[in-house]
Structure formats: C-alpha cells, structure tokens
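Just run07.cif here, mmCIF, C-alpha atoms:
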data_start
loop_
_atom_site.label_atom_id
_atom_site.label_comp_id
_atom_site.auth_asym_id
_atom_site.auth_seq_id
_atom_site.Cartn_x
_atom_site.Cartn_y
_atom_site.Cartn_z
CA MET A 92 -241.15 -85.68 93.36
CA SER A 93 -243.90 -88.22 93.80
CA THR A 94 -244.58 -91.61 92.31
CA LEU A 95 -247.42 -91.34 89.81
CA ASP A 96 -250.31 -93.76 90.13
CA LEU A 97 -251.20 -94.25 86.49
CA GLY A 98 -254.21 -95.62 84.74
CA VAL A 99 -253.51 -96.33 81.08
CA LEU A 100 -256.47 -96.58 78.71
CA ILE A 101 -255.96 -98.48 75.47
CA SER A 102 -257.94 -99.89 72.58
CA GLY A 103 -255.22 -101.66 70.61
CA ARG A 104 -251.66 -102.94 70.64
CA GLY A 105 -250.64 -100.78 73.56
CA SER A 106 -247.15 -99.97 72.34
CA ASN A 107 -247.22 -96.68 74.24
CA LEU A 108 -248.22 -98.65 77.34
CA LEU A 109 -245.13 -100.78 76.77
CA SER A 110 -242.95 -97.68 76.50
CA ILE A 111 -244.29 -96.58 79.90
CA LEU A 112 -243.64 -99.99 81.45
CA HIS A 113 -240.12 -100.07 79.97
CA ALA A 114 -239.36 -96.60 81.32
CA ILE A 115 -240.55 -97.63 84.79
CA GLY A 116 -238.46 -100.81 84.61
CA ALA A 117 -235.40 -98.79 83.59
CA GLU A 118 -236.06 -96.30 86.41
CA ARG A 119 -236.46 -93.46 83.93
CA LEU A 120 -240.02 -92.93 85.13
CA ASP A 121 -241.14 -92.76 88.72
CA ALA A 122 -244.61 -94.26 88.34
CA ARG A 123 -246.71 -97.35 88.91
CA VAL A 124 -249.26 -98.53 86.39
CA ARG A 125 -252.15 -99.26 88.71
CA LEU A 126 -254.49 -100.39 85.96
CA VAL A 127 -254.61 -100.94 82.21
CA LEU A 128 -258.15 -100.42 81.04
CA SER A 129 -259.45 -101.31 77.59
CA ASN A 130 -262.80 -100.87 75.90
CA ARG A 131 -262.00 -103.95 73.82
CA ALA A 132 -261.40 -107.43 75.21
CA ASP A 133 -259.11 -108.27 72.27
CA ALA A 134 -256.75 -105.29 72.69
CA GLY A 135 -253.24 -106.66 72.30
CA GLY A 136 -251.95 -104.37 75.02
CA LEU A 137 -253.87 -106.38 77.65
CA VAL A 138 -251.61 -109.37 76.94
CA HIS A 139 -248.47 -107.30 77.51
CA ALA A 140 -249.87 -105.91 80.75
CA LYS A 141 -250.83 -109.30 82.13
CA ALA A 142 -247.45 -110.77 81.16
CA ARG A 143 -245.85 -108.10 83.37
CA GLY A 144 -248.22 -108.62 86.29
CA VAL A 145 -250.08 -105.35 85.69
CA HIS A 146 -253.77 -105.29 86.60
CA THR A 147 -256.15 -105.06 83.68
CA ALA A 148 -259.83 -104.45 83.19
CA VAL A 149 -262.14 -104.46 80.19
CA LEU A 150 -265.22 -102.28 80.09
CA SER A 151 -267.09 -102.36 76.81
CA HIS A 152 -268.91 -99.19 75.91
CA ARG A 153 -271.56 -101.42 74.35
CA ASP A 154 -272.70 -102.46 77.83
CA TYR A 155 -273.70 -98.92 78.78
CA ALA A 156 -276.69 -96.86 77.76
CA SER A 157 -274.85 -93.56 77.36
CA ARG A 158 -271.37 -92.11 77.10
CA GLU A 159 -271.82 -90.63 80.54
CA ALA A 160 -272.84 -93.94 82.09
CA TYR A 161 -269.81 -95.57 80.49
CA ASP A 162 -267.51 -92.85 81.77
CA GLU A 163 -268.92 -93.21 85.28
CA ALA A 164 -268.01 -96.88 85.16
CA LEU A 165 -264.50 -96.05 83.90
CA VAL A 166 -264.02 -93.53 86.70
CA ALA A 167 -265.21 -95.95 89.38
CA THR A 168 -262.90 -98.69 88.11
CA LEU A 169 -259.89 -96.38 87.90
CA ARG A 170 -260.51 -94.93 91.38
CA GLU A 171 -260.90 -98.36 92.87
CA ALA A 172 -257.48 -99.24 91.47
CA GLY A 173 -255.93 -96.17 93.11
CA VAL A 174 -255.34 -94.27 89.87
CA THR A 175 -254.70 -90.53 90.17
CA TRP A 176 -253.33 -89.74 86.68
CA VAL A 177 -254.84 -91.07 83.46
CA VAL A 178 -253.05 -91.64 80.17
CA LEU A 179 -255.07 -92.14 77.00
CA ALA A 180 -252.67 -94.25 74.94
CA GLY A 181 -254.50 -95.15 71.79
CA PHE A 182 -257.89 -95.18 73.51
CA MET A 183 -260.34 -94.78 70.64
CA ARG A 184 -263.16 -93.21 72.64
CA ILE A 185 -263.95 -89.59 73.34
CA VAL A 186 -264.23 -89.05 77.07
CA THR A 187 -266.98 -86.83 78.45
CA PRO A 188 -266.86 -84.12 81.11
CA VAL A 189 -268.00 -86.80 83.57
CA PHE A 190 -264.59 -88.38 83.11
CA LEU A 191 -262.58 -85.17 82.92
CA ASN A 192 -264.19 -83.71 86.04
CA ALA A 193 -263.27 -86.85 87.98
CA PHE A 194 -259.56 -86.31 87.19
CA PRO A 195 -259.33 -82.54 86.76
CA GLY A 196 -256.13 -81.57 84.91
CA ARG A 197 -254.89 -85.14 85.24
CA VAL A 198 -255.84 -86.74 81.95
CA ILE A 199 -253.30 -86.69 79.13
CA ASN A 200 -253.40 -88.01 75.58
CA ILE A 201 -250.78 -88.84 72.99
CA HIS A 202 -251.65 -88.02 69.39
CA PRO A 203 -249.71 -88.87 66.20
CA SER A 204 -249.49 -85.38 64.68
CA LEU A 205 -248.14 -81.96 65.43
CA LEU A 206 -251.42 -80.58 66.72
CA PRO A 207 -253.38 -78.49 65.86
CA ALA A 208 -252.65 -80.03 62.45
CA PHE A 209 -254.45 -83.30 61.69
CA PRO A 210 -256.64 -83.94 64.74
CA GLY A 211 -258.98 -86.92 64.90
CA VAL A 212 -258.36 -90.28 63.29
CA HIS A 213 -255.93 -91.33 60.53
CA SER A 214 -253.61 -88.41 61.29
CA GLN A 215 -250.67 -89.97 59.49
CA ALA A 216 -252.72 -90.55 56.33
CA GLN A 217 -254.00 -86.97 56.60
CA ALA A 218 -250.41 -85.72 56.80
CA LEU A 219 -249.34 -87.75 53.75
CA GLN A 220 -252.40 -86.64 51.84
CA TYR A 221 -251.64 -83.01 52.61
CA GLY A 222 -248.00 -83.40 51.63
CA VAL A 223 -246.32 -81.99 54.75
CA LYS A 224 -242.55 -82.46 55.04
CA ILE A 225 -242.54 -82.44 58.84
CA ALA A 226 -244.91 -84.55 60.91
CA GLY A 227 -244.74 -85.54 64.56
CA CYS A 228 -246.54 -86.32 67.77
CA THR A 229 -248.08 -84.39 70.63
CA VAL A 230 -248.77 -85.06 74.31
CA HIS A 231 -251.51 -82.81 75.62
CA PHE A 232 -253.97 -82.39 78.45
CA VAL A 233 -257.37 -83.64 77.45
CA ASP A 234 -260.27 -81.23 77.28
CA SER A 235 -263.78 -81.70 75.98
CA GLY A 236 -262.75 -81.19 72.32
CA THR A 237 -261.13 -83.66 69.96
CA ASP A 238 -257.35 -83.31 70.42
CA THR A 239 -257.72 -79.64 71.34
CA GLY A 240 -256.35 -79.54 74.89
CA PRO A 241 -253.27 -77.61 76.08
CA ILE A 242 -250.06 -79.03 74.61
CA ILE A 243 -247.39 -80.31 77.00
CA SER A 244 -244.72 -81.37 74.51
CA GLN A 245 -244.24 -82.25 70.85
CA THR A 246 -241.66 -84.05 68.74
CA ALA A 247 -241.13 -83.39 65.03
CA VAL A 248 -240.18 -86.15 62.57
CA SER A 249 -239.31 -85.96 58.89
CA VAL A 250 -241.67 -87.14 56.19
CA LEU A 251 -239.80 -88.93 53.41
CA ASP A 252 -240.80 -88.77 49.76
CA ASP A 253 -241.33 -92.53 49.61
CA ASP A 254 -243.24 -92.79 52.89
CA THR A 255 -246.38 -94.88 53.06
CA GLU A 256 -248.91 -94.58 55.86
CA GLU A 257 -247.18 -97.57 57.45
CA THR A 258 -243.62 -96.22 57.33
CA LEU A 259 -244.63 -92.74 58.48
CA SER A 260 -246.77 -94.18 61.29
CA ALA A 261 -243.83 -96.30 62.47
CA ARG A 262 -241.49 -93.29 62.54
CA ILE A 263 -244.01 -91.21 64.49
CA LEU A 264 -244.71 -94.09 66.89
CA SER A 265 -241.02 -94.40 67.61
CA ALA A 266 -240.97 -90.73 68.60
CA GLU A 267 -244.08 -91.26 70.75
CA HIS A 268 -242.28 -93.98 72.70
CA THR A 269 -239.63 -91.48 73.74
CA LEU A 270 -241.95 -88.51 74.25
CA LEU A 271 -244.66 -90.02 76.45
CA PRO A 272 -242.48 -91.46 79.26
CA ARG A 273 -240.44 -88.25 79.27
CA VAL A 274 -243.53 -86.11 79.75
CA LEU A 275 -244.79 -88.42 82.48
CA GLN A 276 -241.49 -88.11 84.30
CA TRP A 277 -241.74 -84.31 84.06
CA ILE A 278 -245.16 -84.64 85.68
CA ALA A 279 -243.77 -86.92 88.40
CA GLN A 280 -241.07 -84.33 89.05
CA GLY A 281 -243.70 -81.63 89.46
CA ARG A 282 -242.30 -79.69 86.51
CA VAL A 283 -245.49 -79.40 84.44
CA THR A 284 -247.76 -76.44 85.20
CA LEU A 285 -251.00 -75.64 83.44
CA VAL A 286 -251.24 -71.84 83.30
CA PRO A 287 -254.88 -70.71 83.23
CA ALA A 288 -256.22 -68.75 80.30
CA ASP A 289 -256.03 -64.96 80.40
CA GLU A 290 -257.32 -62.32 78.03
CA ASN A 291 -254.45 -62.82 75.56
CA ARG A 292 -253.92 -66.56 75.61
CA ARG A 293 -255.84 -69.70 76.24
CA ALA A 294 -254.65 -72.08 78.95
CA ARG A 295 -251.12 -73.25 78.21
CA VAL A 296 -248.43 -75.45 79.68
CA VAL A 297 -245.10 -74.37 81.12
CA ILE A 298 -242.30 -76.87 81.81
CA HIS A 299 -240.04 -75.91 84.70
CA GLN A 300 -236.34 -76.65 84.70
CA GLU A 301 -235.12 -79.63 86.68
CA GLU A 302 -233.86 -78.67 90.13
CA MET B 299 -228.65 -76.85 36.37
CA SER B 300 -229.75 -73.45 35.20
CA THR B 301 -229.47 -69.99 36.66
CA LEU B 302 -232.83 -68.90 38.02
CA ASP B 303 -234.16 -65.54 36.90
CA LEU B 304 -235.96 -64.47 40.05
CA GLY B 305 -238.57 -61.86 40.76
CA VAL B 306 -238.96 -61.22 44.48
CA LEU B 307 -242.17 -59.62 45.71
CA ILE B 308 -242.07 -57.85 49.05
CA SER B 309 -244.17 -55.56 51.19
CA GLY B 310 -241.84 -54.91 54.11
CA ARG B 311 -238.30 -55.22 55.42
CA GLY B 312 -237.30 -57.79 52.86
CA SER B 313 -235.11 -59.87 55.14
CA ASN B 314 -235.84 -62.97 53.08
CA LEU B 315 -234.81 -61.00 49.99
CA LEU B 316 -231.53 -60.27 51.75
CA SER B 317 -231.04 -63.97 52.50
CA ILE B 318 -231.45 -64.68 48.77
CA LEU B 319 -228.97 -61.95 47.82
CA HIS B 320 -226.48 -63.21 50.41
CA ALA B 321 -226.78 -66.77 49.13
CA ILE B 322 -226.18 -65.60 45.56
CA GLY B 323 -223.17 -63.56 46.69
CA ALA B 324 -221.77 -66.57 48.54
CA GLU B 325 -222.36 -68.78 45.47
CA ARG B 326 -224.71 -71.02 47.45
CA LEU B 327 -227.52 -70.13 45.05
CA ASP B 328 -227.31 -70.09 41.28
CA ALA B 329 -229.76 -67.28 40.58
CA ARG B 330 -230.08 -63.65 39.56
CA VAL B 331 -232.62 -61.34 41.15
CA ARG B 332 -233.98 -59.67 38.04
CA LEU B 333 -236.43 -57.49 39.90
CA VAL B 334 -237.61 -56.67 43.41
CA LEU B 335 -241.22 -55.60 43.24
CA SER B 336 -243.15 -54.02 46.09
CA ASN B 337 -246.73 -52.92 46.50
CA ARG B 338 -245.54 -50.30 48.97
CA ALA B 339 -243.13 -47.49 48.13
CA ASP B 340 -241.89 -47.45 51.74
CA ALA B 341 -240.95 -51.14 51.90
CA GLY B 342 -237.54 -51.29 53.61
CA GLY B 343 -236.45 -54.10 51.33
CA LEU B 344 -236.34 -51.69 48.37
CA VAL B 345 -233.47 -49.84 50.03
CA HIS B 346 -231.46 -53.05 50.41
CA ALA B 347 -232.09 -53.97 46.78
CA LYS B 348 -231.04 -50.59 45.41
CA ALA B 349 -227.93 -50.57 47.60
CA ARG B 350 -226.91 -53.80 45.89
CA GLY B 351 -227.70 -52.60 42.39
CA VAL B 352 -230.79 -54.76 42.05
CA HIS B 353 -233.63 -53.37 39.94
CA THR B 354 -236.74 -52.40 41.83
CA ALA B 355 -240.27 -51.43 40.96
CA VAL B 356 -243.25 -50.25 42.98
CA LEU B 357 -246.78 -50.97 41.85
CA SER B 358 -249.46 -49.88 44.26
CA HIS B 359 -252.60 -51.97 44.23
CA ARG B 360 -254.49 -48.74 44.93
CA ASP B 361 -253.81 -47.57 41.39
CA TYR B 362 -255.78 -50.46 39.87
CA ALA B 363 -259.49 -51.03 39.64
CA SER B 364 -259.42 -54.77 40.39
CA ARG B 365 -257.15 -57.48 41.74
CA GLU B 366 -256.94 -58.90 38.23
CA ALA B 367 -255.92 -55.58 36.67
CA TYR B 368 -253.26 -55.22 39.35
CA ASP B 369 -251.98 -58.74 38.75
CA GLU B 370 -251.80 -58.09 34.98
CA ALA B 371 -249.58 -55.11 35.69
CA LEU B 372 -247.39 -57.20 38.03
CA VAL B 373 -247.04 -59.90 35.39
CA ALA B 374 -246.12 -57.41 32.64
CA THR B 375 -243.52 -55.77 34.85
CA LEU B 376 -241.98 -59.08 35.89
CA ARG B 377 -241.88 -60.43 32.33
CA GLU B 378 -240.30 -57.24 31.03
CA ALA B 379 -237.55 -57.71 33.60
CA GLY B 380 -236.90 -61.28 32.38
CA VAL B 381 -238.31 -63.00 35.48
CA THR B 382 -239.18 -66.70 35.12
CA TRP B 383 -239.55 -67.72 38.79
CA VAL B 384 -241.40 -65.66 41.39
CA VAL B 385 -240.78 -65.62 45.13
CA LEU B 386 -243.38 -64.12 47.44
CA ALA B 387 -241.19 -63.01 50.35
CA GLY B 388 -243.47 -61.20 52.75
CA PHE B 389 -245.74 -59.94 49.97
CA MET B 390 -248.96 -59.09 51.77
CA ARG B 391 -251.29 -59.52 48.82
CA ILE B 392 -253.20 -62.55 47.61
CA VAL B 393 -252.35 -63.20 43.97
CA THR B 394 -255.12 -64.20 41.56
CA PRO B 395 -255.21 -66.91 38.90
CA VAL B 396 -254.22 -64.18 36.41
CA PHE B 397 -250.86 -64.10 38.15
CA LEU B 398 -250.53 -67.84 38.76
CA ASN B 399 -251.40 -68.74 35.17
CA ALA B 400 -248.68 -66.40 33.92
CA PHE B 401 -246.03 -68.33 35.90
CA PRO B 402 -247.51 -71.83 36.09
CA GLY B 403 -245.85 -73.89 38.85
CA ARG B 404 -243.24 -71.17 39.24
CA VAL B 405 -244.53 -69.08 42.12
CA ILE B 406 -243.36 -69.95 45.63
CA ASN B 407 -244.14 -68.46 49.02
CA ILE B 408 -242.47 -68.57 52.40
CA HIS B 409 -244.79 -68.70 55.41
CA PRO B 410 -243.89 -68.48 59.12
CA SER B 411 -245.65 -71.62 60.35
CA LEU B 412 -245.63 -75.36 59.86
CA LEU B 413 -248.53 -75.35 57.43
CA PRO B 414 -251.33 -76.40 57.38
CA ALA B 415 -251.28 -75.05 60.94
CA PHE B 416 -251.71 -71.28 61.29
CA PRO B 417 -252.26 -70.03 57.74
CA GLY B 418 -252.97 -66.37 57.01
CA VAL B 419 -251.63 -63.45 58.99
CA HIS B 420 -250.09 -63.29 62.48
CA SER B 421 -249.05 -66.94 62.36
CA GLN B 422 -246.55 -66.58 65.16
CA ALA B 423 -249.14 -64.99 67.45
CA GLN B 424 -251.59 -67.73 66.49
CA ALA B 425 -248.97 -70.36 67.44
CA LEU B 426 -248.31 -68.72 70.82
CA GLN B 427 -252.01 -68.33 71.46
CA TYR B 428 -252.57 -72.01 70.71
CA GLY B 429 -249.67 -73.06 72.91
CA VAL B 430 -247.75 -75.26 70.46
CA LYS B 431 -244.29 -76.38 71.53
CA ILE B 432 -242.97 -76.71 67.97
CA ALA B 433 -243.41 -73.98 65.38
CA GLY B 434 -241.59 -73.42 62.10
CA CYS B 435 -241.69 -72.20 58.55
CA THR B 436 -242.80 -73.55 55.19
CA VAL B 437 -241.85 -72.93 51.56
CA HIS B 438 -244.64 -73.96 49.22
CA PHE B 439 -245.90 -73.55 45.70
CA VAL B 440 -248.62 -70.95 45.56
CA ASP B 441 -252.11 -71.95 44.53
CA SER B 442 -255.33 -69.98 44.58
CA GLY B 443 -255.94 -70.61 48.30
CA THR B 444 -254.38 -68.85 51.27
CA ASP B 445 -251.18 -70.73 52.12
CA THR B 446 -252.66 -73.99 50.84
CA GLY B 447 -250.31 -74.90 47.98
CA PRO B 448 -248.09 -78.00 47.76
CA ILE B 449 -245.31 -77.91 50.37
CA ILE B 450 -241.69 -78.02 49.15
CA SER B 451 -239.88 -77.96 52.48
CA GLN B 452 -240.36 -77.08 56.13
CA THR B 453 -238.17 -76.34 59.14
CA ALA B 454 -239.27 -76.87 62.73
CA VAL B 455 -238.19 -74.58 65.57
CA SER B 456 -238.78 -74.83 69.30
CA VAL B 457 -241.23 -72.58 71.12
CA LEU B 458 -239.86 -71.52 74.49
CA ASP B 459 -242.04 -70.97 77.55
CA ASP B 460 -240.99 -67.32 77.81
CA ASP B 461 -241.38 -66.56 74.10
CA THR B 462 -243.14 -63.40 73.04
CA GLU B 463 -244.44 -62.84 69.53
CA GLU B 464 -241.20 -60.94 68.86
CA THR B 465 -238.78 -63.62 70.08
CA LEU B 466 -240.66 -66.45 68.40
CA SER B 467 -240.91 -64.49 65.15
CA ALA B 468 -237.16 -63.84 65.21
CA ARG B 469 -236.38 -67.53 65.72
CA ILE B 470 -238.69 -68.56 62.88
CA LEU B 471 -237.28 -65.82 60.61
CA SER B 472 -233.79 -67.09 61.22
CA ALA B 473 -234.90 -70.53 60.03
CA GLU B 474 -236.57 -68.94 56.98
CA HIS B 475 -233.28 -67.33 56.00
CA THR B 476 -231.69 -70.78 55.72
CA LEU B 477 -234.69 -72.56 54.24
CA LEU B 478 -235.61 -70.24 51.35
CA PRO B 479 -232.22 -70.03 49.58
CA ARG B 480 -231.79 -73.79 50.02
CA VAL B 481 -235.13 -74.51 48.35
CA LEU B 482 -234.32 -72.08 45.53
CA GLN B 483 -231.01 -73.85 44.94
CA TRP B 484 -232.86 -77.20 44.77
CA ILE B 485 -235.08 -75.62 42.12
CA ALA B 486 -232.02 -74.30 40.22
CA GLN B 487 -230.58 -77.81 40.33
CA GLY B 488 -233.77 -79.24 38.84
CA ARG B 489 -234.38 -81.37 41.93
CA VAL B 490 -237.91 -80.17 42.76
CA THR B 491 -240.77 -82.00 41.04
CA LEU B 492 -244.44 -81.27 41.51
CA VAL B 493 -246.23 -84.62 41.25
CA PRO B 494 -249.79 -84.16 39.97
CA ALA B 495 -252.73 -85.19 42.12
CA ASP B 496 -254.07 -88.72 41.78
CA GLU B 497 -257.07 -90.42 43.34
CA ASN B 498 -255.29 -90.96 46.67
CA ARG B 499 -253.29 -87.79 47.10
CA ARG B 500 -253.42 -84.19 46.11
CA ALA B 501 -250.51 -82.69 44.16
CA ARG B 502 -247.30 -83.02 46.14
CA VAL B 503 -243.63 -82.20 45.89
CA VAL B 504 -240.75 -84.66 45.59
CA ILE B 505 -237.13 -83.59 46.08
CA HIS B 506 -234.63 -85.60 44.06
CA GLN B 507 -231.19 -86.45 45.37
CA GLU B 508 -228.28 -84.38 44.16
CA GLU B 509 -226.46 -86.00 41.26
#
Could you show the structure in this file as structure tokens?
Amino acid sequence: MSTLDLGVLISGRGSNLLSILHAIGAERLDARVRLVLSNRADAGGLVHAKARGVHTAVLSHRDYASREAYDEALVATLREAGVTWVVLAGFMRIVTPVFLNAFPGRVINIHPSLLPAFPGVHSQAQALQYGVKIAGCTVHFVDSGTDTGPIISQTAVSVLDDDTEETLSARILSAEHTLLPRVLQWIAQGRVTLVPADENRRARVVIHQEE
Amino acid sequence: MSTLDLGVLISGRGSNLLSILHAIGAERLDARVRLVLSNRADAGGLVHAKARGVHTAVLSHRDYASREAYDEALVATLREAGVTWVVLAGFMRIVTPVFLNAFPGRVINIHPSLLPAFPGVHSQAQALQYGVKIAGCTVHFVDSGTDTGPIISQTAVSVLDDDTEETLSARILSAEHTLLPRVLQWIAQGRVTLVPADENRRARVVIHQEE
C-alpha cells in the first residue's frame, strides 16, 4: 500500500477529476493529486481544482512546434510536481511515446465505451447510432494507439430506447465516477498487475484479491 | 400475442435449441418449433430434437452448386414445415439475400459477444485475447453482413482473470440460454419493433413495455 502521487490531465469540465478528489476526501482512495494539468486555459475542471487548493497548470499545445515537444513540456511539468502516476481524464490529446516512456506502465485513461467497441471521439453517439443495448466505460493503460491499451476494468450500463446522446452520456459518466477511483485504489493497493504479452495473448491486466 | 412458428437452424450441439424447447415446455415461450434444420448430419442438436418429437431435416451445403441454390432449398424446406420465424442458433453458414428476402425481418441470430465487438468466429477467444473485462452475448436481426444486423437485446457477463476459452464460453452460453427464449417471447408478444433507418441513425430495435 502506497499513497499515489497523481497527475490528472483534463481538457474540459473535469468531472472525473472531481470523483477522484471526492474519493480522496472520503478516504476511499489513498492518493494525492499533485497537479491538474490542462491543455486549455478555460477547462472548467481547473476551477474545481483551485477551489480545493490543488495545484494546476495550463500548457497549450499551440505553443509547441511538435507533439513531442509538447509532451516533453508535459513530462517536465508533471515530474516537477512530483507526479508518478498519470490519469487522462477527458484529456483530448493523443500522447506520444515521449510521454509514455517517461511514465512507463503508469498512464491510465478512462473512456466512455466498452472498448474495443467505439474508440475515439463521440463514443456515446457511436453507440446510439449502432443501436447497442449495453454500453459502458473502460479504464485502461495507455499505449501508443487510440484507446487500444490493456484494459484494467469496465462497467456496463443499459441503453434505453428513448436515450439521447445526452442521457446516455450522463448514465455512462455516472458509472465512470465510480469506476475510476476504484481502479486507482486497486493500483494504490498494489493489486493491479500488467502481464506481458506471450505467444497466445497480448499484454493483459490481472487484478489481485485484497489481502 | 401469437404463437411463433419457429425454424431453428443449427450446426452443432444445439444447446440454444434446447433452451428454446425448455422455455416452450415451461410455458415461458409461446412458440412451436416446426423444424430443426442442420447443415451437418452429425449435429448433436438433431438428437435432442428427435428425442422430443421435433421434426428435423439435414441439408448439406455440399450438395448445392451455389450459396443461393442452397438457400433456396433451405427456404423451401422451412416454408413446407410452416416456419414463419427463423432462429440461427449456432448455424455456421452465412445466409444470402435469397434467404433473408424469404423471411423479411424475421431471421434472428444469437452471437457470443457484445456486438459490435468480436464479430465472426471464435468470439470468446477474441475477447480473451483482447483482454476485455466484460463480455456477453447478443441477439440481433440478421442482415447481409457478418453479425452486423440491428441488435434486439444483449447480456453482459464478467470475464475472470483465470478464464480459459472454455470457462468463458460456458459463462456466455449460460447467459445465451436465458436471453434467447426471452427475446423470442418478446417477439411472440408483439413487443419488438424494427425502426427503419433515418438520416441520424441506422435501423434499430425498440422493445415495447408489456401490456
């Protein structure tokens, strides 16, 4: 058991950031949010972080010549803040190997679908368009693909016949707010192991029972 | 409410056929199985059908020059038996438009994944290989694609860290045995409507409340 030193990257409202902060406040999650980092100065989540005394930083990708240069700046800022685990919580940028290699096996993402279905953007609209009856959310390790990394945990939610993108998104988001802090606590408890790929399977995640 | 006149197409053990026959016997499903049709003479499901006095037929695709000729023979055999709704229950053949046009909007399939994830064969192995934490099964209307038709209902099941293809398949199959008769009873009750595609969404299924 060790307290996680989290960096949370956001681009918007930061409701998953709030769920992390609530879980820490309620002592359901043994972690500190060392830094909230946004690529947008107007991300609503920055307001929530500041109101709770959490350090924030804004680095606009527009100020950097390349994705790699931007990621180097992100890494430097996160390291300076003492971050050892990174959560992408609605961060609308693809991170490069520069970023992933700086935090090997320590970058996770939350995505509003039952991956591998509906990767990328507008997952909830994709799910409605397809007509699935079960949707959900996924927390996974980040790799160099788009929402392709090893899955840590998933939650299924029902799709209702009268759902709109807004109502379905809200139901999925509610499940995300439970799932993400729970997965982070499993990580804090040392219960999450990434099993390397072998000839039969790609890399996958095993969750150990609580001691 | 009307009694469904079912044709059930199988290629193997026919455990989903058995779940239909059990549901009919228990009066949970208002249907008659008019015919069990297999493309293989050694399909285990034929034994179960005969033991229960259900008519069976075997039509080998090898006896026909084309997929279309084979499907015409299937259609003739099913019609002769009085079949109006067709269930593909582990039938390992792709049906052509010849077949689908003969039973428009009345051919359903059960598939061992949460479609659109893991279509085609070996879905359970695909799911394990990918490392999903939630798998499941889907009942859908059949269209001319492979497992692409409008979804009627789905059931999610957990994937366990020590699952093998066999244990995961068994857990999904158990969910199929509940899902398929339930969907068929919804159809018998007239509660399943296929809503045509419009500019925003492809064709999709709505389930009406019980009266």
Dump as a VMD selection string all residues having an atom at most 7 Å from (-254.0, -91.2, 74.8), computed in the file's coordinates with all atoms listed in the file.
-> chain A and resid 178 to 182 199 to 202
Which residues match the PyMOL selection byres ((chain A and resi 221-232) around 6) in the file above, as a PyMOL selection string?
-> (chain A and resi 198-205+218-220+233+240-250+263) or (chain B and resi 451-452+502)
Selected residues written out, C-alpha atoms, as a short mmCIF file (atom, residue, chain, number, x, y, z; two decimals), in the frame of the given file:
data_model
loop_
_atom_site.label_atom_id
_atom_site.label_comp_id
_atom_site.auth_asym_id
_atom_site.auth_seq_id
_atom_site.Cartn_x
_atom_site.Cartn_y
_atom_site.Cartn_z
CA VAL A 198 -255.84 -86.74 81.95
CA ILE A 199 -253.30 -86.69 79.13
CA ASN A 200 -253.40 -88.01 75.58
CA ILE A 201 -250.78 -88.84 72.99
CA HIS A 202 -251.65 -88.02 69.39
CA PRO A 203 -249.71 -88.87 66.20
CA SER A 204 -249.49 -85.38 64.68
CA LEU A 205 -248.14 -81.96 65.43
CA ALA A 218 -250.41 -85.72 56.80
CA LEU A 219 -249.34 -87.75 53.75
CA GLN A 220 -252.40 -86.64 51.84
CA VAL A 233 -257.37 -83.64 77.45
CA GLY A 240 -256.35 -79.54 74.89
CA PRO A 241 -253.27 -77.61 76.08
CA ILE A 242 -250.06 -79.03 74.61
CA ILE A 243 -247.39 -80.31 77.00
CA SER A 244 -244.72 -81.37 74.51
CA GLN A 245 -244.24 -82.25 70.85
CA THR A 246 -241.66 -84.05 68.74
CA ALA A 247 -241.13 -83.39 65.03
CA VAL A 248 -240.18 -86.15 62.57
CA SER A 249 -239.31 -85.96 58.89
CA VAL A 250 -241.67 -87.14 56.19
CA ILE A 263 -244.01 -91.21 64.49
CA SER B 451 -239.88 -77.96 52.48
CA GLN B 452 -240.36 -77.08 56.13
CA ARG B 502 -247.30 -83.02 46.14
#
Contacts of Ile278 (chain A) within 12 Å, only C-alpha atoms, excl. fewer than 3 positions in-chain, as number ranges by chain | A: 92-97, 120-122, 176-178, 196-199, 230, 232, 243-244, 271-275, 281-285, 296-301
Starting from the shown file, work through the PyMOL selection byres ((chain A and resi 139-152) around 6) and note down what comes out as a CSV table (one decimal) with C-alpha atoms, in the coordinates of the input.
chain,number,residue,atom,x,y,z
A,126,LEU,CA,-254.5,-100.4,86.0
A,127,VAL,CA,-254.6,-100.9,82.2
A,128,LEU,CA,-258.2,-100.4,81.0
A,129,SER,CA,-259.4,-101.3,77.6
A,130,ASN,CA,-262.8,-100.9,75.9
A,132,ALA,CA,-261.4,-107.4,75.2
A,136,GLY,CA,-252.0,-104.4,75.0
A,137,LEU,CA,-253.9,-106.4,77.6
A,138,VAL,CA,-251.6,-109.4,76.9
A,153,ARG,CA,-271.6,-101.4,74.4
A,154,ASP,CA,-272.7,-102.5,77.8
A,155,TYR,CA,-273.7,-98.9,78.8
A,161,TYR,CA,-269.8,-95.6,80.5
The PyMOL selection byres ((chain A and resi 170) around 12) resolved against shown file, as a ChimeraX atom specification = /A:96-98,125-126,128,163-169,171-177,190,193-194
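If only C-alpha atoms are the atoms counted, then among A:Ser260, A:Ser265, A:Ser235, A:Gln280 the closest residue to Pro188 (chain A) is A:Ser235.
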Using only C-alpha atoms, pick whichever of A:Glu267, A:Asp289, A:Asp133, A:Glu118 has the shortest atom-to-atom distance to chain B.
-> A:Asp289
Please, which residues are within 8 Å of (-247.1, -98.0, 71.7) by the file's coordinates, counting all atoms listed in the file, and could they come as a ChimeraX atom specification?
-> /A:104-110,180-181,264,267-268
Take the residues from that selection and put them in a file with C-alpha atoms, as an mmCIF file, in the coordinates of the input.
data_model
loop_
_atom_site.group_PDB
_atom_site.id
_atom_site.type_symbol
_atom_site.label_atom_id
_atom_site.label_comp_id
_atom_site.auth_asym_id
_atom_site.auth_seq_id
_atom_site.Cartn_x
_atom_site.Cartn_y
_atom_site.Cartn_z
ATOM 1 C CA ARG A 104 -251.660 -102.940 70.640
ATOM 2 C CA GLY A 105 -250.640 -100.780 73.560
ATOM 3 C CA SER A 106 -247.150 -99.970 72.340
ATOM 4 C CA ASN A 107 -247.220 -96.680 74.240
ATOM 5 C CA LEU A 108 -248.220 -98.650 77.340
ATOM 6 C CA LEU A 109 -245.130 -100.780 76.770
ATOM 7 C CA SER A 110 -242.950 -97.680 76.500
ATOM 8 C CA ALA A 180 -252.670 -94.250 74.940
ATOM 9 C CA GLY A 181 -254.500 -95.150 71.790
ATOM 10 C CA LEU A 264 -244.710 -94.090 66.890
ATOM 11 C CA GLU A 267 -244.080 -91.260 70.750
ATOM 12 C CA HIS A 268 -242.280 -93.980 72.700
#
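Separating CA of Glu366 (chain B) from CA of Val393 (chain B) is a distance of 8.5 Å.
Distances to chain B were evaluated for A:Pro287, A:Gly236, A:Pro207, A:Gly103 using only C-alpha atoms, and the minimum falls at A:Pro207.
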